[in-house]
Amino acid sequence: MSIHISEQPFDPWVEITQHQKQSALEKQFGATATFIGSMRDFNDGAKVSSMVLEHYPEMTQRYLEKLEQQAHQKWDLLDSLIIHRVGDISLADPIVLIACWSAHRRAALDACNWLIEELKHNAPFWKKESRQDGERWVENNTDGT
Amino acid sequence: MSIHISEQPFDPWVEITQHQKQSALEKQFGATATFIGSMRDFNDGAKVSSMVLEHYPEMTQRYLEKLEQQAHQKWDLLDSLIIHRVGDISLADPIVLIACWSAHRRAALDACNWLIEELKHNAPFWKKESRQDGERWVENNTDGT
Amino acid sequence: MTIQVKFFASLREKMGVSESKIESVATAGDAWDLVTNHAEHPINILVAINLEYAQFDSPVNDGDEVAFFPPVTGG
Amino acid sequence: MTIQVKFFASLREKMGVSESKIESVATAGDAWDLVTNHAEHPINILVAINLEYAQFDSPVNDGDEVAFFPPVTGG
């Protein structure tokens, strides 16, 4: 289990590779499910050039740790990794990474899906977009469509 | 959209990285969902040392292409990638990779989930395990638990 | 014209046949009977005609490829 | 002992305050009223006490940290 809040850009595939290498469980992994959320160049029909991600640092860390623990209670996971960017975000930068490892596929897939939904709905992060018409706080991004 | 049947080991994270680099859509990706199925050292309580994956080559290719097209009809995907190993498989080798890219998260997550379930239930692949007590055809692996 | 019949995986091993070419038959089931000498259908056995899932009573035409195989276990 | 009050994101900008230290109050709502001079609660505003989600009428003790923020938009 690992949580990382990053002020620097990260490569999700490199992070996953490194996390797997450090793990002693590799031969038991039957299933790995991942989700990566990245910064798009369009939102609500307007061109977005960059973004600032604010958060509530102490609460973020605590909330994500509890979330990861809950996922391990609900599903039979062998390992998990959550990374979330904060600060200045450029176009196409990965913002969030969720990775779940399990022996059988449903645990990893369902836990990954649950974690991103819970994080989106409750983790104390806020996005402020720089658009052609100025800066704007994103008001809602929780419905997934 | 891409399908690859591989007789050689592959690194799923390298494959995803390369696929993304070749794509012209990168800045539109808001969401990437992936699933990797790997060879475990245990199945049904017995230690497994290696595996042979047989398939029906012409039907496999055709089935996976149709599956990928169906996913793009059902969900608003920007891109997708399916890789499946065949032949001699070693411990911890990745067997299957599904990756889906979309603007918003539900499309990528739901399509990835649907693709692995459909593939598991219908794609003409068969696993033969080498175990301490000899070789054995796997009889069922579709329930996900 | 002939019909090509294929067997895969545990069924291939059980039957001792991977491919067989036969003369015209009416259905996939007739192809099975001809190649296996009327062997019983193993439980859950699957049928494909020209790379698409089909049934034992599905019609077969000259030039078709008929395949029989056990439940799939990929992924 | 004092209570620490924090505002985040659009609410921080709107209020022009990020952190404030206040004397004892009974509830999170009382802390809001004291710091904002009884400003109306913006729609959907969220409350946390000591890093856990809470309500405006949740009790606050000396030494607590009370935070107010808009709906979250991470991930």
# chains A, B, ... in the order shown; residues from 1 in each chain; ligands from 1
$ interface_residues --of "chain C" --to "chain B" --cutoff "7 Å" --atoms "only C-alpha atoms" --output "list in words"
Ala9, Ser10, Leu51, Val72, Thr73, Gly74 and Gly75 of chain C
$ write_last_selection --atoms "N, CA, C and O atoms" --output "compact mmCIF listing (two decimals), in the first residue's frame"
# COMPACT_ATOMS: atom_id res chain seq x y z
N ALA C 9 -7.09 -27.80 -28.26
CA ALA C 9 -6.82 -27.95 -26.83
C ALA C 9 -7.11 -29.37 -26.33
O ALA C 9 -6.71 -30.34 -26.99
N SER C 10 -7.79 -29.50 -25.18
CA SER C 10 -8.00 -30.83 -24.60
C SER C 10 -8.80 -31.72 -25.54
O SER C 10 -8.61 -32.94 -25.57
N LEU C 51 -15.04 -19.32 -38.27
CA LEU C 51 -14.49 -18.41 -37.23
C LEU C 51 -15.56 -17.70 -36.41
O LEU C 51 -15.24 -16.78 -35.65
N VAL C 72 -13.37 -21.87 -23.29
CA VAL C 72 -12.13 -21.11 -23.44
C VAL C 72 -11.59 -20.67 -22.08
O VAL C 72 -12.36 -20.48 -21.12
N THR C 73 -10.27 -20.52 -21.98
CA THR C 73 -9.64 -20.18 -20.70
C THR C 73 -8.51 -19.18 -20.89
O THR C 73 -7.47 -19.28 -20.24
N GLY C 74 -8.73 -18.22 -21.77
CA GLY C 74 -7.68 -17.22 -22.01
C GLY C 74 -7.72 -16.09 -21.00
O GLY C 74 -8.45 -16.12 -20.02
N GLY C 75 -6.93 -15.07 -21.28
CA GLY C 75 -6.95 -13.85 -20.45
C GLY C 75 -6.14 -13.97 -19.19
O GLY C 75 -5.70 -15.04 -18.83
$ closest_atom_pairs --of "chain A" --to "chain B" --cutoff "7 Å" --atoms "only C-alpha atoms" --output "Markdown table"
| residue | atom | partner | partner_atom | distance |
| --- | --- | --- | --- | --- |
| A:Trp13 | CA | B:Trp13 | CA | 5.3 |
| A:Glu26 | CA | B:Ala92 | CA | 6.7 |
| A:Lys27 | CA | B:Ala92 | CA | 4.9 |
| A:Gln28 | CA | B:Arg40 | CA | 5.0 |
| A:Phe29 | CA | B:Arg40 | CA | 6.0 |
| A:Gly30 | CA | B:Ser38 | CA | 4.7 |
| A:Ala31 | CA | B:Gly37 | CA | 4.6 |
| A:Thr32 | CA | B:Ile36 | CA | 5.0 |
| A:Ala33 | CA | B:Phe35 | CA | 4.5 |
| A:Thr34 | CA | B:Thr34 | CA | 5.2 |
| A:Phe35 | CA | B:Ala33 | CA | 4.5 |
| A:Ile36 | CA | B:Thr32 | CA | 5.0 |
| A:Gly37 | CA | B:Ala31 | CA | 4.6 |
| A:Ser38 | CA | B:Gly30 | CA | 4.7 |
| A:Met39 | CA | B:Gly30 | CA | 5.8 |
| A:Arg40 | CA | B:Gln28 | CA | 5.0 |
| A:Asp41 | CA | B:Lys27 | CA | 5.9 |
| A:Leu91 | CA | B:Lys27 | CA | 6.5 |
| A:Ala92 | CA | B:Lys27 | CA | 4.9 |
| A:His104 | CA | B:Thr145 | CA | 5.3 |
| A:Arg105 | CA | B:Gly144 | CA | 5.3 |
| A:Arg106 | CA | B:Gly144 | CA | 5.1 |
| A:Gly144 | CA | B:Arg106 | CA | 5.2 |
| A:Thr145 | CA | B:His104 | CA | 5.3 |
$ write_last_selection --atoms "C-alpha atoms" --output "PDB file, in the first residue's frame"
ATOM      1  CA  TRP A  13       3.889   3.592 -16.249  1.00  0.00           C
ATOM      2  CA  GLU A  26       5.176 -10.343  -8.029  1.00  0.00           C
ATOM      3  CA  LYS A  27       4.579 -14.028  -8.763  1.00  0.00           C
ATOM      4  CA  GLN A  28       1.222 -13.973  -6.999  1.00  0.00           C
ATOM      5  CA  PHE A  29      -0.143 -11.105  -9.105  1.00  0.00           C
ATOM      6  CA  GLY A  30      -2.751 -12.561 -11.380  1.00  0.00           C
ATOM      7  CA  ALA A  31      -4.416  -9.229 -12.057  1.00  0.00           C
ATOM      8  CA  THR A  32      -3.443  -5.572 -12.221  1.00  0.00           C
ATOM      9  CA  ALA A  33      -6.045  -2.865 -12.805  1.00  0.00           C
ATOM     10  CA  THR A  34      -5.058   0.764 -13.230  1.00  0.00           C
ATOM     11  CA  PHE A  35      -6.694   4.095 -13.844  1.00  0.00           C
ATOM     12  CA  ILE A  36      -4.910   7.273 -14.911  1.00  0.00           C
ATOM     13  CA  GLY A  37      -6.620  10.646 -15.051  1.00  0.00           C
ATOM     14  CA  SER A  38      -4.801  13.216 -17.198  1.00  0.00           C
ATOM     15  CA  MET A  39      -5.220  16.868 -18.004  1.00  0.00           C
ATOM     16  CA  ARG A  40      -7.228  17.382 -21.184  1.00  0.00           C
ATOM     17  CA  ASP A  41      -6.991  20.438 -23.444  1.00  0.00           C
ATOM     18  CA  LEU A  91      -1.427  19.875 -20.751  1.00  0.00           C
ATOM     19  CA  ALA A  92      -1.525  16.057 -20.916  1.00  0.00           C
ATOM     20  CA  HIS A 104      -8.010 -12.730  -9.373  1.00  0.00           C
ATOM     21  CA  ARG A 105      -9.324 -10.053 -11.677  1.00  0.00           C
ATOM     22  CA  ARG A 106     -12.563  -8.913 -10.024  1.00  0.00           C
ATOM     23  CA  GLY A 144     -17.641  10.597 -14.903  1.00  0.00           C
ATOM     24  CA  THR A 145     -19.149  11.478 -18.284  1.00  0.00           C
TER      25      THR A 145
END
$ residues_around --residues "Leu46 (chain D)" --least-positions-apart "5" --cutoff "6 Å" --atoms "only C-alpha atoms" --output "VMD selection string"
chain D and resid 68 to 70
$ write_last_selection --atoms "all heavy atoms" --output "compact mmCIF listing (two decimals), in the first residue's frame"
# COMPACT_ATOMS: atom_id res chain seq x y z
N PHE D 68 -13.40 24.88 5.83
CA PHE D 68 -14.55 25.07 4.95
C PHE D 68 -14.04 25.08 3.51
O PHE D 68 -13.04 25.74 3.22
CB PHE D 68 -15.25 26.39 5.26
CG PHE D 68 -15.75 26.48 6.67
CD1 PHE D 68 -15.01 27.15 7.65
CD2 PHE D 68 -16.95 25.88 7.04
CE1 PHE D 68 -15.47 27.22 8.96
CE2 PHE D 68 -17.42 25.95 8.35
CZ PHE D 68 -16.68 26.63 9.32
N PHE D 69 -14.74 24.36 2.63
CA PHE D 69 -14.29 24.34 1.24
C PHE D 69 -15.43 23.95 0.30
O PHE D 69 -16.42 23.35 0.72
CB PHE D 69 -13.08 23.41 1.07
CG PHE D 69 -13.16 22.07 1.74
CD1 PHE D 69 -13.88 21.04 1.15
CD2 PHE D 69 -12.51 21.83 2.95
CE1 PHE D 69 -13.92 19.79 1.74
CE2 PHE D 69 -12.56 20.58 3.56
CZ PHE D 69 -13.27 19.55 2.96
N PRO D 70 -15.25 24.31 -0.99
CA PRO D 70 -16.28 23.98 -1.99
C PRO D 70 -16.22 22.50 -2.36
O PRO D 70 -15.29 21.81 -1.98
CB PRO D 70 -15.89 24.85 -3.18
CG PRO D 70 -14.43 25.05 -3.05
CD PRO D 70 -14.14 25.09 -1.57
$ select_by_dssp --residues "chain A" --states "strand (DSSP E or B)" --output "PyMOL selection string"
chain A and resi 2-6+31-38+42-43+46-55+77-85+87-90+94-102+125-131+134-137
$ residues_around --residues "Ala54 (chain D)" --least-positions-apart "4" --cutoff "10 Å" --atoms "only C-alpha atoms" --output "MDAnalysis selection string"
chainID D and resid 28 46:50 58:59 66:68
$ atom_distance --atom1 "CA of Tyr53 (chain D)" --atom2 "CA of Ala111 (chain A)"
22.4 Å
$ closest_residue --among "B:Ala24, B:Leu78, B:Leu115, B:Glu135" --to "Glu65 (chain B)" --atoms "only C-alpha atoms"
B:Leu115
$ atom_distance --atom1 "CA of Asp79 (chain B)" --atom2 "CA of Met1 (chain B)"
5.4 Å
$ select_by_dssp --residues "region 70-99 of chain A" --states "alpha helix (DSSP H)" --output "list in words"
Gln70, Ala71, His72, Gln73 and Lys74 of chain A
$ write_last_selection --atoms "all heavy atoms" --output "PDB file, in the first residue's frame"
ATOM      1  N   GLN A  70      -9.604   0.988   3.411  1.00  0.00           N
ATOM      2  CA  GLN A  70     -10.961   0.479   3.189  1.00  0.00           C
ATOM      3  C   GLN A  70     -11.007  -0.467   1.988  1.00  0.00           C
ATOM      4  O   GLN A  70     -11.674  -1.493   2.022  1.00  0.00           O
ATOM      5  CB  GLN A  70     -11.936   1.640   2.951  1.00  0.00           C
ATOM      6  CG  GLN A  70     -12.380   2.351   4.210  1.00  0.00           C
ATOM      7  CD  GLN A  70     -13.320   3.503   3.858  1.00  0.00           C
ATOM      8  OE1 GLN A  70     -12.870   4.599   3.534  1.00  0.00           O
ATOM      9  NE2 GLN A  70     -14.616   3.244   3.892  1.00  0.00           N
ATOM     10  N   ALA A  71     -10.311  -0.086   0.927  1.00  0.00           N
ATOM     11  CA  ALA A  71     -10.290  -0.941  -0.272  1.00  0.00           C
ATOM     12  C   ALA A  71      -9.704  -2.310   0.058  1.00  0.00           C
ATOM     13  O   ALA A  71     -10.201  -3.340  -0.404  1.00  0.00           O
ATOM     14  CB  ALA A  71      -9.491  -0.277  -1.392  1.00  0.00           C
ATOM     15  N   HIS A  72      -8.651  -2.317   0.890  1.00  0.00           N
ATOM     16  CA  HIS A  72      -8.033  -3.598   1.259  1.00  0.00           C
ATOM     17  C   HIS A  72      -8.928  -4.418   2.184  1.00  0.00           C
ATOM     18  O   HIS A  72      -8.807  -5.634   2.256  1.00  0.00           O
ATOM     19  CB  HIS A  72      -6.661  -3.365   1.889  1.00  0.00           C
ATOM     20  CG  HIS A  72      -5.579  -3.075   0.885  1.00  0.00           C
ATOM     21  ND1 HIS A  72      -4.608  -3.973   0.542  1.00  0.00           N
ATOM     22  CD2 HIS A  72      -5.356  -1.973   0.108  1.00  0.00           C
ATOM     23  CE1 HIS A  72      -3.814  -3.447  -0.378  1.00  0.00           C
ATOM     24  NE2 HIS A  72      -4.239  -2.226  -0.651  1.00  0.00           N
ATOM     25  N   GLN A  73      -9.836  -3.738   2.902  1.00  0.00           N
ATOM     26  CA  GLN A  73     -10.801  -4.481   3.714  1.00  0.00           C
ATOM     27  C   GLN A  73     -11.922  -5.053   2.853  1.00  0.00           C
ATOM     28  O   GLN A  73     -12.413  -6.151   3.098  1.00  0.00           O
ATOM     29  CB  GLN A  73     -11.401  -3.567   4.789  1.00  0.00           C
ATOM     30  CG  GLN A  73     -10.464  -3.356   5.978  1.00  0.00           C
ATOM     31  CD  GLN A  73     -10.788  -2.096   6.766  1.00  0.00           C
ATOM     32  OE1 GLN A  73     -11.833  -1.476   6.569  1.00  0.00           O
ATOM     33  NE2 GLN A  73      -9.895  -1.704   7.655  1.00  0.00           N
ATOM     34  N   LYS A  74     -12.318  -4.288   1.825  1.00  0.00           N
ATOM     35  CA  LYS A  74     -13.452  -4.716   1.001  1.00  0.00           C
ATOM     36  C   LYS A  74     -13.058  -5.783  -0.024  1.00  0.00           C
ATOM     37  O   LYS A  74     -13.878  -6.619  -0.402  1.00  0.00           O
ATOM     38  CB  LYS A  74     -14.049  -3.501   0.253  1.00  0.00           C
ATOM     39  CG  LYS A  74     -14.764  -2.506   1.151  1.00  0.00           C
ATOM     40  CD  LYS A  74     -14.967  -1.160   0.447  1.00  0.00           C
ATOM     41  CE  LYS A  74     -16.128  -1.134  -0.498  1.00  0.00           C
ATOM     42  NZ  LYS A  74     -17.430  -0.888   0.135  1.00  0.00           N
TER      43      LYS A  74
END
$ atom_distance --atom1 "CA of Glu68 (chain A)" --atom2 "CA of Glu7 (chain A)"
20.6 Å
